[in-house]
Every structure is written in structure tokens, then in C-alpha cells.
Amino acid sequence: MLRFASRFMNIWTELSQRGLLYQVTDAKLEALLTQEAFAVYCGFDPTADSLHVGNLVPLLGLARFQRAGHKPIALAGGATGLIGDPSGKKYERQLNTREQVAANLACIRKQLEKFLDFTPGRYSAKLVDNAEWLDGFNLLDFLRDIGKHFTINEMLSRESVSSRLDTGISYTEFSYQLLQAYDFYYLAKNYGCKLQVGGSDQWGNIVAGIELTRKLLQTQVYGLTFPLITKADGSKFGKTAEGTTCWLDPARTSPYKFYQFFIQTDDRDVVKFLNYFTFLPQEEIVALAESLRLQPEKREAQRALARHMTELVHGQEELRRAEAASIALFGGPLERLDERTLLEVFSEVPSFSLRRSWITDGKLLVDVLVETGIESSKAAARQSIQGGGIYINNERVCDVRERLSESRLLQGKYLVVRRGKRNYYLLGVAE
RNA sequence: GCAGGGGUGGCCGAGAGGUUAAUGGCACCAGACUGUAAAUCUGGCGGGCUAGGGCCCUACGUAGGUUCGAAUCCUACCCCCUGCACCA
């Protein structure tokens with residue numbers, strides 16, 4: 001018990017040191033968190049069938065609370081996902097069908113479970129779905145019992161709504177804040193939840209929940225937000241090099257790509273990200289920051305970040321494979337790679353199978369690039385080759401007439417294609 | 001409804017009858033320098049064919065028209081913005 005008491009004291013400091021405290025609804029929260037175990041909740045709407053790296057800050061935030069001895073409640077928004085949160089959105093979103101939301105919900109529940117500890121006990125995490133109490137809520141009851149506590153004036157003043165008054169917002173999305181407010185009230189009443197955390201765009205929704213809870217339960221509950229993740233170059237965080245979202249689902253973003261996503265982090269962002277995303281202690285982060293300053297070319301901080309994140313999300317084995325693939329590809333000459341390594345690389349890197357006949361017939365590389373989707377058109381493929389941007393087995397291709405040939409194959413059946421500095425693809429001959 | 005302004009390549013934005021696949025900026029891709037980072041510089045950036053030089057097709061809201069020739073002129077239609085009016 002003593003051990004936990006001291007841990008309570010740490011969560012605030014920990015969040016603060018990591019730069020994860022953005023806004024708090026009440027300055028007293030710091031002291032309160034040291035005095036008792038809080039039930040802390042954070043919601044995730046099933047807008048896709050996977051969470052993405054951007055969801056990690058609040059999700060790991062919950063995990064940090066649990067590690068500090070508090071009780072996390074992850075809420076999957078089976079109901080709110082049907083409505084659509086206008087927060088942070090510039091335009092009205094298209095509604096997902098009930099089937100889609102249900103399917104997404106199932107996937108997201110599984111992902112949420114991976115990051116929290118559900119072993120029974122005082123600090124055991126809980127996973128709830130707000131459809132349980134919101135779906136089927138009688139409209140007239142809702143308007144009378146809940147709606148009456150909100151004025152249009154305050155609802156309009158929320159950033160998520162006011163910023164949309166020019167472009168338009170539907171009544172549906174406008175109502176979202178009431179649903180989330182009700183969630184907080186419901187969790188406070190039934191689970192003793194006293195704190196809601198979330199991204200900074202959730203501030204308005206959180207405050208709405210605090211007010212509703214105060215009115216209905218005469219209970220004071222609290223809110224805390226994490227900062228929006230920004231990048232030094234001003235681009236939006238969470239997109240891979242190809243411009244696609246970096247998902248947690250390995251079927252959407254392979255562990256290799258996931259690892260690559262983090263290892264390519266800008267020097268200017270990497271220390272911040274170590275703080276935001278990892279559980280590494282301050283001393284280690286400070287040491288990595290020092291390494292970055294003195295020997296940036298070693299990229300130890302990036303490596304630590306990539307390792308930590310890949311292991312956290314995909315597990316040790318996938319980390320090993322992603323790292324092995326990265327080392328093999330970025331390490332230099334490929335001829336020496338043994339088949340086992342190649343096979344591992346094959347399983348991680350975007351890969352395609354080649355027909356034996358393509359080799360024997362000497363198919364044009366340009367056509368192969370297009371058929372595999374490495375290049376979008378033959379014109380583009382030719383330009384890449386002419387610009388010196390295409391490599392086979394890390395050797396630059398200098399002739400647009402390059403054809404596939406037996407002699408190029410590694411281990412008699414593999415071909416490593418690289419586009420630019422860091423985009424690797426593995427082609428293997430199908431037997 | 002009336003008046004005015006406008007719809008151009010992923011985005012912004014020039015062009016106002018002919019060297020215009022269409023200036024420029026952003027984004028994006030590649031190259032050089034490096035460290036799978038940044039900054040900078042260079043090249044590319046509708047598509048197809050071509051070793052190369054080049055050839056061809058499709059594009060400036062939509063549909064027609066005038067012209068040897070149109071993103072540029074005319075007509076109709078659609079959509080957006082800004083005033084005014086109407087309605088309440």
C-alpha cells in the first residue's frame with residue numbers, strides 16, 4: 001500500500017515531466033491524485049477498424065495512470081461512433097453504418113485490451129461501450145433529463161461547434177457533446193469515475209461532462225487533456241512516408257513500416273516523442289537526448305523510439321523481425337544475405353511475387369515497377385530510373401531498358417527493389 | 001429574383017484568340033550533400049509509345065457555337081461568392 005501511495009504522487013510529476021499536461025480543469029487535481037486511487041476514463045470512437053499512432057498518447061496516458069496505481073476505464077464509443085465527434089473536424093463527416101461501427105468496435109476493443117492490465121484486482125482496467133447505456137435511450141427522456149441541463153449558448157460556444165458555424169454543422173454532430181457528457185456522468189455514477197482524460201480537442205466535451213455530473217450528482221469530477229502532437233516541420237503527425245496513416249493493426253501497417261515510421265523521426269521531434277510515447281524513465285531519455293546532441297548520426301534516440309514502440313504495439317518477435325529486415329536492407333550489400341534472413345525480410349517489407357516467365361522472358365523492369373505498384377505509371381517509372389532513383393539489390397539501375405534476369409536474383413529467387421533512399425520492396429519468384 | 005464577381009492541373013494562383021501540357025508558389029517524387037534527420041541546391045511532377053531525338057492522346061465547370069486556330073470570343077445550362085431586393 002505504501003508502494004502505491006508513493007506511486008500516486010508520481011503520475012502528475014510524470015505527466016508534467018513528459019510534457020503531457022496540457023490543460024487541467026482544477027488545480028486541486030495534482031494533490032487529489034496523490035491521495036486516492038482515481039477511476040480514470042478516456043474514450044475512443046470506432047471511426048475505423050483500427051487505432052492509429054495518434055491514439056497512442058491518450059491510450060498510453062491511461063496506461064500511465066494505471067501504472068501509477070489508478071484504475072483505467074477505456075470507453076469504446078459504440079454509440080458516439082454512430083454520431084461523429086465534430087471536435088477537430090473542419091467539415092461534417094459522413095455517418096458510418098451501424099454494421100461498420102459494430103465491426104470497427106470489435107477490432108478496437110481488441111486493440112485497447114492490449115495496452116491495459118485486466119488482471120483482476122483493485123487496479124484492474126475496465127473496457128466499456130457507451131452503446132450499452134446510450135443506444136435505446138428514449139429521446140424524450142434524454143431531452144427532458146439531460147438536454148434541459150445545457151443551454152444552447154454554452155453549446156454554441158464550444159470550439160468544436162463555433163469553428164464550424166461558417167462551414168456548417170448538423171444537428172447530429174452538434175449534439176455529440178451531450179452524449180459524451182452523459183458518458184462521464186454515467187461512469188461517475190456507476191463506476192465512481194472522477195477523471196476524464198483525452199486529447200486537447202476533447203476539452204469542451206470533458207467540461208460538458210463535468211458540469212452535467214455536478215448538476216445531476218452534486219459531485220465534483222475532473223478533466224485533463226494531453227497536448228496535440230505537433231511536428232517541427234509543421235506537417236500532421238501520424239502519416240507514413242507514403243502519406244497513409246500509421247495504424248496499429250499489422251494488417252494495415254506492417255510492423256516493418258511501423259518501425260520505419262518511428263526510426264525516420266526528425267531530430268527535432270524525437271526527444272518529445274520519447275516522452276510522449278514511451279515508458280522510458282527520464283534518465284534514459286536524457287541520456288538519449290545527449291547522444292542525439294553529440295552523435296546525431298548514430299540516431300540512437302530514433303532507434304530507441306522505434307524499438308520501444310514496435311515492441312509495445314507488435315511484441316518482441318515482430319520487433320525482432322522488423323529490426324532484422326531494416327538492418328538487412330539498410331545495412332549495405334545484399335548478396336551476402338542468407339535465405340532465412342531474406343525470407344524474414346520478405347515477410348515484413350512490401351513484397352510481390354514474380355512469375356518465373358518474367359525472369360526467363362526478361363520482362364522490362366519498367367513494366368514490373370508499374371505492375372507491382374511501386375510506380376504509378378510507366379512514365380513515372382522511367383523518370384525514376386532516369387533520375388537515378390531506382391535500385392536493384394542496392395545497385396543503381398541506369399538504363400530504362402533494364403530487364404529482369406536470372407543473374408540478378410538473390411538466392412536464385414529474390415530481387416530487392418529500392419525507390420529513392422528508403423523505400424524497399426522485395427520481389428520473389430513464385431515457384 | 002436583380003446586379004456584380006468567379007469556377008484553370010493534388011491545392012493556391014497567373015494567363016484573356018495562335019511558340020500553351022498551360023508562368024509562379026505549396027505539396028509530392030528523385031538526385032547531390034548527409035545520418036533511413038533537417039536545411040540547402042538540382043531535376044521531375046496528366047497519360048501512352050520511344051534507346052535517344054521525338055511522336056501521339058487527354059485536359060482549363062458542362063454542352064454546344066464562332067474561327068484556319070479557343071482556357072481565352074458567343075449561347076445555354078450547372079455550381080460558388082458578394083451586395084440588394086423578396087419572403088418572414
# chains A, B, ... in the order shown; residues from 1 in each chain; ligands from 1
$ interface_residues --of "chain A" --to "chain B" --cutoff "6 Å" --atoms "only C-alpha atoms (C1' of nucleotides)" --output "PyMOL selection string"
chain A and resi 266-267+297+387+389+422
$ residues_around --residues "region 67-82 of chain B" --least-positions-apart "5" --cutoff "9 Å" --atoms "only C-alpha atoms (C1' of nucleotides)" --output "list in words"
G4, G5, G6, G7, U8, G15, A16, G17, G18, A22, C60, G61 and U62 of chain B
$ closest_residue --among "A:Phe262, A:Phe352, A:Phe330, A:Tyr41" --to "Ala304 (chain A)" --atoms "only C-alpha atoms"
A:Phe262
$ select_by_dssp --residues "region 72-169 of chain A" --states "strand (DSSP E)" --output "list in words"
Pro72, Ile73, Ala74, Leu75, Ala76, Lys126, Leu127, Val128 and Asp129 of chain A
$ atom_distance --atom1 "CA of Gln218 (chain A)" --atom2 "CA of Ile83 (chain A)"
28.2 Å
$ residues_around --residues "region 114-127 of chain A" --least-positions-apart "2" --cutoff "8 Å" --atoms "only C-alpha atoms (C1' of nucleotides)" --output "mmCIF file with N, CA and C atoms, in the first residue's frame"
data_model
loop_
_atom_site.group_PDB
_atom_site.id
_atom_site.type_symbol
_atom_site.label_atom_id
_atom_site.label_comp_id
_atom_site.auth_asym_id
_atom_site.auth_seq_id
_atom_site.Cartn_x
_atom_site.Cartn_y
_atom_site.Cartn_z
ATOM 1 N N LEU A 59 -4.181 6.801 -25.074
ATOM 2 C CA LEU A 59 -4.248 5.407 -24.649
ATOM 3 C C LEU A 59 -3.120 5.068 -23.689
ATOM 4 N N LEU A 60 -1.910 5.468 -24.039
ATOM 5 C CA LEU A 60 -0.794 5.234 -23.132
ATOM 6 C C LEU A 60 -0.945 6.092 -21.888
ATOM 7 N N LEU A 62 -3.697 6.582 -20.319
ATOM 8 C CA LEU A 62 -4.477 5.735 -19.418
ATOM 9 C C LEU A 62 -3.575 4.712 -18.752
ATOM 10 N N ALA A 63 -2.706 4.117 -19.581
ATOM 11 C CA ALA A 63 -1.805 3.099 -19.057
ATOM 12 C C ALA A 63 -0.879 3.700 -17.994
ATOM 13 N N GLN A 66 -2.644 3.816 -14.838
ATOM 14 C CA GLN A 66 -2.755 2.502 -14.219
ATOM 15 C C GLN A 66 -1.451 2.123 -13.540
ATOM 16 N N GLY A 69 -1.061 3.388 -10.235
ATOM 17 C CA GLY A 69 -1.959 2.915 -9.196
ATOM 18 C C GLY A 69 -3.398 3.369 -9.327
ATOM 19 N N HIS A 70 -3.741 3.949 -10.444
ATOM 20 C CA HIS A 70 -5.129 4.349 -10.648
ATOM 21 C C HIS A 70 -5.820 3.325 -11.536
ATOM 22 N N LYS A 71 -7.145 3.475 -11.603
ATOM 23 C CA LYS A 71 -7.922 2.459 -12.297
ATOM 24 C C LYS A 71 -8.418 2.996 -13.638
ATOM 25 N N PRO A 72 -7.947 2.451 -14.733
ATOM 26 C CA PRO A 72 -8.324 2.992 -16.040
ATOM 27 C C PRO A 72 -9.620 2.388 -16.583
ATOM 28 N N ILE A 73 -10.409 3.225 -17.195
ATOM 29 C CA ILE A 73 -11.596 2.756 -17.897
ATOM 30 C C ILE A 73 -11.462 3.192 -19.353
ATOM 31 N N ALA A 74 -11.333 2.238 -20.228
ATOM 32 C CA ALA A 74 -11.292 2.577 -21.656
ATOM 33 C C ALA A 74 -12.708 2.456 -22.183
ATOM 34 N N LEU A 75 -13.150 3.520 -22.807
ATOM 35 C CA LEU A 75 -14.506 3.503 -23.342
ATOM 36 C C LEU A 75 -14.452 3.410 -24.851
ATOM 37 N N ALA A 76 -15.092 2.399 -25.389
ATOM 38 C CA ALA A 76 -15.197 2.289 -26.839
ATOM 39 C C ALA A 76 -16.556 2.868 -27.216
ATOM 40 N N ARG A 109 -11.821 -2.722 -29.676
ATOM 41 C CA ARG A 109 -11.836 -3.291 -28.318
ATOM 42 C C ARG A 109 -10.612 -4.156 -28.117
ATOM 43 N N LYS A 110 -10.318 -4.980 -29.127
ATOM 44 C CA LYS A 110 -9.171 -5.884 -29.012
ATOM 45 C C LYS A 110 -7.882 -5.099 -28.835
ATOM 46 N N GLN A 111 -7.765 -4.020 -29.599
ATOM 47 C CA GLN A 111 -6.540 -3.229 -29.506
ATOM 48 C C GLN A 111 -6.419 -2.550 -28.144
ATOM 49 N N LEU A 112 -7.522 -2.019 -27.680
ATOM 50 C CA LEU A 112 -7.491 -1.336 -26.387
ATOM 51 C C LEU A 112 -7.046 -2.303 -25.284
ATOM 52 N N ASP A 129 -18.557 0.033 -23.283
ATOM 53 C CA ASP A 129 -19.069 0.504 -24.569
ATOM 54 C C ASP A 129 -20.276 1.388 -24.274
#
$ residues_around --residues "region 143-149 of chain A" --least-positions-apart "4" --cutoff "12 Å" --atoms "only C-alpha atoms (C1' of nucleotides)" --output "list in words"
Leu134, Phe137, Asn138, Leu139, Asn153, Glu154, Met155, Ser175, Tyr176, Gln177, Leu178, Leu179, Gln180, Ala181, Tyr182, Asp183, Tyr185, Tyr186, Ala208, Gly209, Ile210, Glu211, Leu212, Thr213, Arg214, Lys215 and Leu216 of chain A
$ select_by_dssp --residues "region 113-240 of chain A" --states "alpha helix (DSSP H)" --output "VMD selection string"
chain A and resid 113 to 115 131 to 134 139 to 145 152 to 157 159 to 162 171 to 174 176 to 191 203 to 217
$ residues_around --residues "A21 (chain B)" --least-positions-apart "3" --cutoff "10 Å" --atoms "only C-alpha atoms (C1' of nucleotides)" --output "ChimeraX atom specification"
/B:9,46,58-59
